[in-house]
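Asker: The structure under discussion is supplied below as C-alpha cells; questions concerning it will follow.
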Amino acid sequence: MSDFLVEIGTEELPPNSLQKLGDALQQNLIVGLKKANLTFTSSYNYVTPRRLAVLITDLASKQPERIIERRGPALQAAFDKEGKPTKATLGFADSCGAAVSDLDELTTEKGSWLFYKQKQTGEKTVNLIPEIVKQALKKLPIPRMMRWGAGDNEFIRPVHWLVLMYGNKVIKAELFGRKADRYSYGHRFHHPEKIAITKPADYVELLYKEGFVVASFEKRKYLIVEQIKKINKNTILKEDLLNEVTSLVEWPVVLLGSFKAHFLRLPQEVLITSLQKHQKCFSVADDNNKLLSHFIAVSNIKSKKPKQVITGNERVINARLTDAEFFYNNDLKQPLEDNLERLKKVIFQVKLGTMYEKTQRVAKLAEYIAARINTDVKDASRAAQLSKTDLVTEMVGEFPELQGIMGCYYAKANKEPKAVAIALQEQYMPRFSGDSLPASKIGQALAIADRLDTLVGIFAINQLPTGDKDPFGLRRAALGILRIIIEKKLELNLADLVEQAIENYLQDLHEAWHSDPKPIMEFFFDRLQYWYLEQGITPQIFAAVLARKPTAPLDFAKRIQAVTKFQKLAEAEALASANKRVSNILKKAPKDISAAIDSKLLIEPEEQELAKQMAIKDKQIRSLYKAKEYTKVLTELAELKQPIDNFFDKVMVMADDKKIQNNRLALLTKLRELFLHVADISLL
Amino acid sequence: MSNKIKTFQELIFALQQYWADQGCVVVQPLDLEVGAGTFHPASFLRAIGPKPWNAAYVQPCRRPTDGRYGNNPNRTQYYYQFQVVLKPSPDEIQDLYLDSLRMIGIDPLTDDIRFVEDNWESPTLGAWGLGWEVWQNGMEITQFTYFQQVGGLECKPVTGEITYGLERIAMYLQGVDSMFDLVWTNGPFGAITYGDVFHQNEVEMSTYNFEKANINALLEQFSFYETECQRLVAENLPLPAYEMVLKASHTFNLLDARGAISVTERQRYILRVRTLAKAVAEAYYASQVEK
C-alpha cells in the first residue's frame, strides 16, 4: 500500500470550470480504480490556475488474486477414438493459454466437461495507473478542447508537465507528449523552478513551502476571505466572484484600493457589477450597507511594491467607472419613453415580431390582470409600455444583468409614478428558483404578463423545451407565474389568461396561428406538479386535485391544502377506498340510470340513513364549497364514513330488482359527486 | 522599471528588435484599413496550411465605432497593435512573451501579471481560438490566442498570436493617464506627443465615421467588393480576393458606425463577409498544399 499522486501542469486554466474539473478528475479516477479492484483509503483534489492534481492515499499495490474458472467442451466431444484431443479441445486449451494436460474434468448431474481453473495473480497498480489516468482525463467535462504547437494533443490548455508517483517512485507513462516524472513547478513568478516531489503525501506542503503555491482550492478561498475580513468586514462577498478569484491565483494577496468618490452617485448595482465583471474586484460597504469608494482586489504575487499594484488597479477602475458614468449620463438624456420607438428594431423572436410588438401585447395583458387583482390599470399599462425600454440603454448594453434595475432607476429619474418604476425592476422576479417574488401588485401583473406572452408565443411556434434544453426559460417562466399567483394569493384564472394572451397574438399577427390552449395548460399543471412534489406533496394528493382540473392556481392550492389535511384524518383511508369502490361500481353500471333518488325505494335502514346524512351534508357543504372552505367541506364529508361503511356492510347494491338497483346506483352517484367537489378522493 | 524605454517609438523599436532576435520576420503594416492586426495577411493567411511562419509587425487598427472625437483618454477609432505570430506555437511561448515584458521594463514580481481566460472569435473571419487577455495590475495589455480555426479551416499546426496594446503599455511605462499625453519621441523642438500626431485625426475621423460617410456610396461599395472578391476567388487569385474581403469588412464597419445597419441586417452582413473570408481561405489553402 502506498499513496498515489497525479498532477497535470498546464497553462492558465479557465477559472469558471476549475472546481468542476478537479472534482471530475477525482471522481473519474475513483471510478477507474474501483473498476480495477484497487482499494484505497481516501482521495483529495487540488486545483490552481496551472495544475490539476489528485492524491489517493493507501492505494493497494496490486489487484487481488482472482480464480478463473472456465468450462470447455463436453467430455464425449473432447477426444477422438484414438484418445487424441479434438479441435474443440485444442481451441479451448489455447484460449486458456494452457496445455491440454493442464485441463481438469468437471462432472455434475447434467454431464461431464473439460474444465480449467487458474489462479490469476493481480496486475501491479503501477502498470494499471497510466490507462486509468488516461481514461479519467478523457472523460473530463471540457466544453472546448484546444490543440497547440505542431502536435495532435488536445486538452483544455497546453500541458507542460506530468507528475505520476506511486509511493516514492515515478510511474512510467507518457501523456500529451510529456513523460511522467517527479518534478512539479512552483508559482509562475515566485518559483518558476522545478520542485522534486519526494512522495505524494508531501505534495501540498512542498508546493506551499518552496513553490509559493496554495494547492487546495478551499484553503486558498479561506485565506482570501480571512485577508479580506481583516481589511474590511463589510466587504460584499459574492460567492461566484469569490470562486472566480480563487481560481485565478496560486498565492493570493489581498489589496485595498479606492476609486474617485464622485462615482458613488452612480447606482450601487452599477458600481458592484462593473467592479465584479470587468475587474474581478469586491465592493466594500459601510455599517449601513452603503457602498464606500473602496474596492478589494486579489493579486497573485507578494509584490515588491504593493502600492504600484494598487495604483494600477485604481487607474483601470476609474477608467471603467468613467465609462459607466458616461453611459449613465447619456441614458439620462432621453426619457425611457423615447426608447419605445427603438424597440421596433429589436427582434423578440424572428417569428414573433419585435420587442415593440411584444410590449404592446404585454401591456394589454397587464391591464387585464391589473383589473382582476384590483390594482391601478393605468400604472400597469404604463409599466408594461416601459418594461423593455431599458434594453436599448447604453448601460444595459454594457451590463445585460442590470436589465430592470436600470429601468427602475431611469423611470425614477423620469418622474414616472413610483409604482411603475418599482414594477420595472420587479418584472424579472423570481430570477431563479427560490428567488423572492414581486412585492407590488403592478410588479406582479407585469411579471405574469411578460412571462405568459413569451410562453404562449413560443408554444405557438413549437419551440418547446426538450430534455435539459429550455432556451427560452419556459419552465422557469411557467413556475414563476404559478408561484406569483399562489403565493401572492391572486384571484386569477390561468385558462382565461392563456386565452387572453392567445387573443393578443391573433390580433397582432394576422396569420394562421396555432392557438391551442390545451398543451399550455398541461405544461402549467406539469410545472405545478413538479413544484408540489418538491415541497413534499405526494403524487396521489396532486393527482386527486388535478382530476378536477382547477384552472385557478390559488384554487388549486387551496384544494391541495384541504386534501393534505383530509389525508391526516382517521377516516381518510376508509373513505378513499370507499370512493374507489363506488367509482368501480359506477364504471360498470349502465349509463342510463336516473339521477334522482326515489326515497320510497330506499328499503334498508342503512341506505335510508346514508341518504339522510348525505342530504344533510349536501346542504352543509354547498355554502362552504362556494366560499372555497375546502378543508371544512372534506371534514364534513368525513363524517359520512360510518353511514357509508354500514351501507356497504348491509346493503347489496346490485339488487335483483332493477328499480331498487338503479335507485342505489343513483344514491352512489350522488355520493361520488359530493366527494368529487374538492378532489377525487378515490385516487388517494 | 527600465529607464531605457521613454518614448512610444522606442517601445516599438524594442519589441521589433526582441522578436527579430527570436527569429521573426519583421514585416511592415498592411496598407489597407483593418480592425485588428489579425487581418494582416501575415497573420490571417499565414495561419492557414502546413508551412511554419514567425512574424512580428505593428498594425494600425481602425474601429470606426470606437471613435470619441478625441475626448476619451483611453478610446480612439485609430490605434496601434504590435502583433506577433508564431507557427507552430512553441512550447515556451508564454515565457517568450513574459521575457518581452521584462525587457521593456515590466517586472512580474512587482506588477501583478495574470493570464485571464478570454477566448477569441471573429465572426467576420470565421476564426476562433482559445487563450487569455493578459492583465497587468488589472489592466488588459495583451491578447494571447492559440488559433484553432481560421476561415473555417482547422489550424494545423497551431499559430500562437500575441497582440500587444501599444498605447496602454506605453501609458503605464510613461505614467500618464491619457494616451494623447504619451511622448511619441523627443525631437529637436521638444517632445512630440501622441496628441500632436493624432488628435486632429481623431476629431475629424470621428466626425466622418459617425456623421459624414456617404451611406449610399458605401452600400454600393460593399456590394462591389463582394462580387469582386467572388470573381477573384473563381479566377484563383486568393491574395487580391483577400484584399476585397478587408475592404468589404471596413466598409461594413463604417456603415455600422453610421447607424445604417439595423440589428437584423447586421447579422446578415457579418455572414456575407464570413462567406467571402471562407472562400478566400480555402483558395489560399489549396495554393499552399499544391506548391
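Labels used: A, B, ... for chains in the order of the C-alpha cells, numbers from 1 for residues in each chain, and numbers from 1 for ligands as shown.
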Any chance you could list, as a list in words, the residues in range 40-163 of chain B that come up helix (DSSP H, G or I) when DSSP is run on the backbone?

Answerer: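 Written out, the helix (DSSP H, G or I) residues of range 40-163 of chain B are Pro64, Thr65, Asp66, Ile93, Gln94, Asp95, Leu96, Tyr97, Leu98, Asp99, Ser100, Leu101, Arg102, Met103 and Ile104 of chain B.
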
Asker: Could you name the residues that touch Asn236 in chain B at 10 Å or less, counting only C-alpha atoms, but leaving out those on the same chain fewer than 4 positions away, as a VMD selection string?

Answerer: chain B and resid 230 to 232 240 to 241 280 283 to 284 286 to 287

Asker: Take the residues from that selection and put them in a file with N, CA and C atoms, as a JSON list (two decimals), in the first residue's frame.

Answerer:
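File out-v9.json, as written:
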[["chain", "number", "residue", "atom", "x", "y", "z"],
["B", 230, "GLN", "N", -15.68, 37.45, -55.06],
["B", 230, "GLN", "CA", -16.14, 36.16, -55.60],
["B", 230, "GLN", "C", -15.49, 35.88, -56.95],
["B", 231, "ARG", "N", -15.41, 36.95, -57.77],
["B", 231, "ARG", "CA", -14.83, 36.79, -59.11],
["B", 231, "ARG", "C", -13.35, 36.38, -59.00],
["B", 232, "LEU", "N", -12.64, 37.04, -58.09],
["B", 232, "LEU", "CA", -11.21, 36.78, -57.97],
["B", 232, "LEU", "C", -10.93, 35.39, -57.40],
["B", 240, "PRO", "N", -5.42, 38.90, -54.01],
["B", 240, "PRO", "CA", -6.27, 40.06, -54.32],
["B", 240, "PRO", "C", -7.69, 39.88, -53.78],
["B", 241, "ALA", "N", -8.18, 38.65, -53.81],
["B", 241, "ALA", "CA", -9.54, 38.40, -53.29],
["B", 241, "ALA", "C", -9.58, 38.75, -51.81],
["B", 280, "VAL", "N", -11.95, 32.63, -49.58],
["B", 280, "VAL", "CA", -10.55, 33.00, -49.78],
["B", 280, "VAL", "C", -9.63, 32.03, -49.05],
["B", 283, "ALA", "N", -9.27, 28.85, -50.97],
["B", 283, "ALA", "CA", -8.44, 29.04, -52.17],
["B", 283, "ALA", "C", -6.97, 29.16, -51.78],
["B", 284, "TYR", "N", -6.71, 29.90, -50.70],
["B", 284, "TYR", "CA", -5.33, 30.07, -50.27],
["B", 284, "TYR", "C", -4.75, 28.74, -49.79],
["B", 286, "ALA", "N", -5.54, 25.78, -50.75],
["B", 286, "ALA", "CA", -5.26, 24.96, -51.93],
["B", 286, "ALA", "C", -3.92, 25.38, -52.53],
["B", 287, "SER", "N", -3.67, 26.68, -52.60],
["B", 287, "SER", "CA", -2.41, 27.15, -53.20],
["B", 287, "SER", "C", -1.21, 26.73, -52.35]]

Asker: Using only C-alpha atoms, which residues of chain A come within 7 Å of chain B, and what is the closest atom pair for each, with the distance in Å to one decimal? Give it as CSV, sorted by chain and residue number.

Answerer:
residue,atom,partner,partner_atom,distance
A:Glu12,CA,B:Phe115,CA,6.3
A:Pro14,CA,B:Glu117,CA,5.4
A:Met146,CA,B:Gln148,CA,6.9
A:Arg147,CA,B:Val158,CA,6.9
A:Trp148,CA,B:Val158,CA,5.4
A:Gly149,CA,B:Ser89,CA,4.5
A:Ala150,CA,B:Pro157,CA,4.4
A:Phe189,CA,B:Leu109,CA,6.4
A:Gln279,CA,B:Gly138,CA,6.3
A:Ser299,CA,B:Asp112,CA,6.3
A:Asn300,CA,B:Asp112,CA,6.4
A:Ile301,CA,B:Asp112,CA,6.2
A:Ser303,CA,B:Thr110,CA,4.7
A:Lys304,CA,B:Thr110,CA,4.9
A:Lys305,CA,B:Thr110,CA,5.6
A:Val309,CA,B:Asn137,CA,5.2
A:Gly312,CA,B:Asn137,CA,5.1
A:Asn313,CA,B:Gly138,CA,5.1
A:Val316,CA,B:Met139,CA,5.9
A:Lys345,CA,B:Val263,CA,6.6
A:Val346,CA,B:Val263,CA,6.6

Asker: Which distance in Å separates CA of Glu161 in chain B and CA of Thr145 in chain B, to one decimal?

Answerer: 5.1 Å

Asker: Can you tell me how far CA of Phe144 in chain B sits from CA of Lys51 in chain B, in Å to one decimal?

Answerer: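 Between CA of Phe144 in chain B and CA of Lys51 in chain B the gap works out to 21.1 Å.
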
Asker: Pick out the closest residue to Thr124 in chain B from this set: B:Tyr57, B:Phe44, B:Tyr164, B:Tyr194. Count only C-alpha atoms.

Answerer: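 With only C-alpha atoms as the atom set, the closest residue is B:Phe44.
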
Asker: I'd like the interatomic distance between CA of Asp102 in chain A and CA of Tyr116 in chain A, to a tenth of an Å.

Answerer: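 Taking CA of Asp102 in chain A and CA of Tyr116 in chain A, their separation equals 7.6 Å.
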
Asker: So which residues touch Gly187 in chain B within 12 Å, counting only C-alpha atoms, skipping near sequence neighbours fewer than 6 positions away, as a PyMOL selection string?

Answerer: chain B and resi 7+9+193

Asker: Just want the 12 Å neighbourhood of Ala285 in chain A, counted on only C-alpha atoms, with same-chain residues fewer than 2 positions away dropped. Output as a ChimeraX atom specification.

Answerer: /A:232-237,264,268,271-272,282-283,287-296

Asker: Take the residues that were just selected and, keeping C-alpha atoms, output them as a short mmCIF file (atom, residue, chain, number, x, y, z; two decimals), in the first residue's frame.

Answerer:
data_model
loop_
_atom_site.label_atom_id
_atom_site.label_comp_id
_atom_site.auth_asym_id
_atom_site.auth_seq_id
_atom_site.Cartn_x
_atom_site.Cartn_y
_atom_site.Cartn_z
CA ASN A 232 -12.84 45.31 5.86
CA LYS A 233 -15.56 43.23 7.46
CA ASN A 234 -18.28 44.82 5.31
CA THR A 235 -16.88 43.61 2.03
CA ILE A 236 -19.66 42.23 -0.17
CA LEU A 237 -18.51 38.63 -0.57
CA LEU A 264 -20.75 56.98 -5.71
CA GLN A 268 -24.87 50.86 -6.42
CA LEU A 271 -20.64 50.01 -9.23
CA ILE A 272 -20.82 46.47 -7.90
CA PHE A 282 -15.07 43.16 -4.46
CA SER A 283 -17.14 46.14 -3.35
CA ASP A 287 -22.14 49.51 8.52
CA ASN A 288 -25.39 50.69 6.94
CA ASN A 289 -24.79 48.72 3.75
CA LYS A 290 -23.97 51.84 1.77
CA LEU A 291 -21.10 51.45 -0.68
CA LEU A 292 -17.80 53.11 0.06
CA SER A 293 -15.42 54.35 -2.61
CA HIS A 294 -13.15 51.36 -1.93
CA PHE A 295 -12.59 48.08 -3.66
CA ILE A 296 -10.75 44.92 -2.84
#

Asker: Counting only C-alpha atoms, which of A:Leu255, A:Ile541, A:Leu164, A:Ala173 gets nearest to Gln308 in chain A?

Answerer: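 Of the candidates, the smallest distance to Gln308 in chain A is held by A:Leu255.
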
Asker: Write out as a ChimeraX atom specification the residues lying within 12 Å of range 514-519 of chain A, counting only C-alpha atoms and excluding same-chain residues fewer than 3 positions away.

Answerer: /A:452,455-462,464,494-506,509-511,522-526,549,551

Asker: Let me see the file: selected residues, N, CA and C atoms, as a CSV table (one decimal), in the first residue's frame.

Answerer:
chain,number,residue,atom,x,y,z
A,452,LEU,N,-46.2,35.2,-19.6
A,452,LEU,CA,-47.3,34.5,-20.3
A,452,LEU,C,-47.2,34.8,-21.8
A,455,LEU,N,-44.5,32.6,-23.2
A,455,LEU,CA,-44.9,31.2,-23.1
A,455,LEU,C,-45.8,30.9,-24.3
A,456,VAL,N,-46.9,31.7,-24.4
A,456,VAL,CA,-47.9,31.4,-25.4
A,456,VAL,C,-47.3,31.5,-26.8
A,457,GLY,N,-46.4,32.5,-27.0
A,457,GLY,CA,-45.8,32.7,-28.3
A,457,GLY,C,-44.9,31.6,-28.7
A,458,ILE,N,-44.1,31.2,-27.8
A,458,ILE,CA,-43.1,30.1,-28.1
A,458,ILE,C,-43.8,28.8,-28.3
A,459,PHE,N,-44.9,28.5,-27.5
A,459,PHE,CA,-45.7,27.3,-27.7
A,459,PHE,C,-46.2,27.3,-29.1
A,460,ALA,N,-46.7,28.5,-29.6
A,460,ALA,CA,-47.3,28.5,-30.9
A,460,ALA,C,-46.3,28.2,-32.0
A,461,ILE,N,-45.1,28.6,-31.8
A,461,ILE,CA,-44.1,28.3,-32.9
A,461,ILE,C,-43.4,27.0,-32.6
A,462,ASN,N,-43.9,26.3,-31.6
A,462,ASN,CA,-43.5,24.9,-31.4
A,462,ASN,C,-42.0,24.8,-31.0
A,464,LEU,N,-40.8,24.1,-28.0
A,464,LEU,CA,-40.9,23.7,-26.6
A,464,LEU,C,-39.6,23.2,-26.0
A,494,LEU,N,-56.0,30.9,-14.9
A,494,LEU,CA,-55.0,30.7,-15.9
A,494,LEU,C,-55.6,30.5,-17.3
A,495,ALA,N,-56.7,29.7,-17.3
A,495,ALA,CA,-57.3,29.4,-18.6
A,495,ALA,C,-57.7,30.7,-19.3
A,496,ASP,N,-58.3,31.6,-18.5
A,496,ASP,CA,-58.7,32.9,-19.0
A,496,ASP,C,-57.5,33.7,-19.5
A,497,LEU,N,-56.4,33.7,-18.7
A,497,LEU,CA,-55.2,34.4,-19.0
A,497,LEU,C,-54.6,33.9,-20.3
A,498,VAL,N,-54.5,32.6,-20.5
A,498,VAL,CA,-53.9,32.0,-21.7
A,498,VAL,C,-54.8,32.4,-22.9
A,499,GLU,N,-56.1,32.3,-22.7
A,499,GLU,CA,-57.0,32.7,-23.8
A,499,GLU,C,-56.7,34.1,-24.3
A,500,GLN,N,-56.6,35.0,-23.2
A,500,GLN,CA,-56.3,36.4,-23.5
A,500,GLN,C,-55.0,36.6,-24.2
A,501,ALA,N,-54.0,35.9,-23.8
A,501,ALA,CA,-52.7,36.0,-24.4
A,501,ALA,C,-52.7,35.6,-25.9
A,502,ILE,N,-53.4,34.5,-26.1
A,502,ILE,CA,-53.6,34.0,-27.5
A,502,ILE,C,-54.3,35.0,-28.3
A,503,GLU,N,-55.3,35.6,-27.7
A,503,GLU,CA,-56.1,36.6,-28.4
A,503,GLU,C,-55.2,37.8,-28.9
A,504,ASN,N,-54.3,38.2,-28.0
A,504,ASN,CA,-53.4,39.3,-28.3
A,504,ASN,C,-52.6,39.0,-29.6
A,505,TYR,N,-52.1,37.7,-29.6
A,505,TYR,CA,-51.2,37.3,-30.8
A,505,TYR,C,-52.1,37.3,-32.0
A,506,LEU,N,-53.3,36.8,-31.9
A,506,LEU,CA,-54.2,36.7,-33.1
A,506,LEU,C,-54.4,38.1,-33.7
A,509,LEU,N,-50.8,39.3,-35.3
A,509,LEU,CA,-50.0,38.7,-36.4
A,509,LEU,C,-50.8,38.4,-37.7
A,510,HIS,N,-52.1,38.6,-37.6
A,510,HIS,CA,-53.0,38.4,-38.8
A,510,HIS,C,-52.6,37.3,-39.7
A,511,GLU,N,-52.2,36.1,-39.1
A,511,GLU,CA,-52.0,35.0,-40.0
A,511,GLU,C,-52.4,33.7,-39.2
A,522,GLU,N,-51.6,22.1,-19.9
A,522,GLU,CA,-50.9,20.9,-19.4
A,522,GLU,C,-49.5,21.2,-18.9
A,523,PHE,N,-48.8,22.0,-19.7
A,523,PHE,CA,-47.5,22.4,-19.3
A,523,PHE,C,-47.5,23.1,-17.9
A,524,PHE,N,-48.5,23.9,-17.7
A,524,PHE,CA,-48.6,24.6,-16.3
A,524,PHE,C,-48.8,23.5,-15.2
A,525,PHE,N,-49.8,22.6,-15.5
A,525,PHE,CA,-50.1,21.6,-14.5
A,525,PHE,C,-48.8,20.7,-14.2
A,526,ASP,N,-48.1,20.5,-15.3
A,526,ASP,CA,-46.8,19.7,-15.1
A,526,ASP,C,-45.8,20.4,-14.2
A,549,LYS,N,-59.1,19.4,-12.4
A,549,LYS,CA,-58.6,20.4,-13.3
A,549,LYS,C,-58.9,21.9,-12.9
A,551,THR,N,-58.5,25.5,-12.9
A,551,THR,CA,-57.6,26.3,-13.7
A,551,THR,C,-57.2,27.6,-13.0

Asker: From the list B:Leu173, B:Leu125, B:Val84, B:Ala217, which residue is nearest Val34 in chain B when using only C-alpha atoms?

Answerer: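 Closest to Val34 in chain B, using only C-alpha atoms: B:Leu125.
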
Asker: So that I can check the secondary structure, give me every residue of range 66-289 of chain B assigned strand (DSSP E or B) by backbone DSSP, as a VMD selection string.

Answerer: chain B and resid 78 to 87 113 to 117 120 to 122 127 to 136 139 to 150 153 to 154 160 to 165 183 to 187 190 to 193
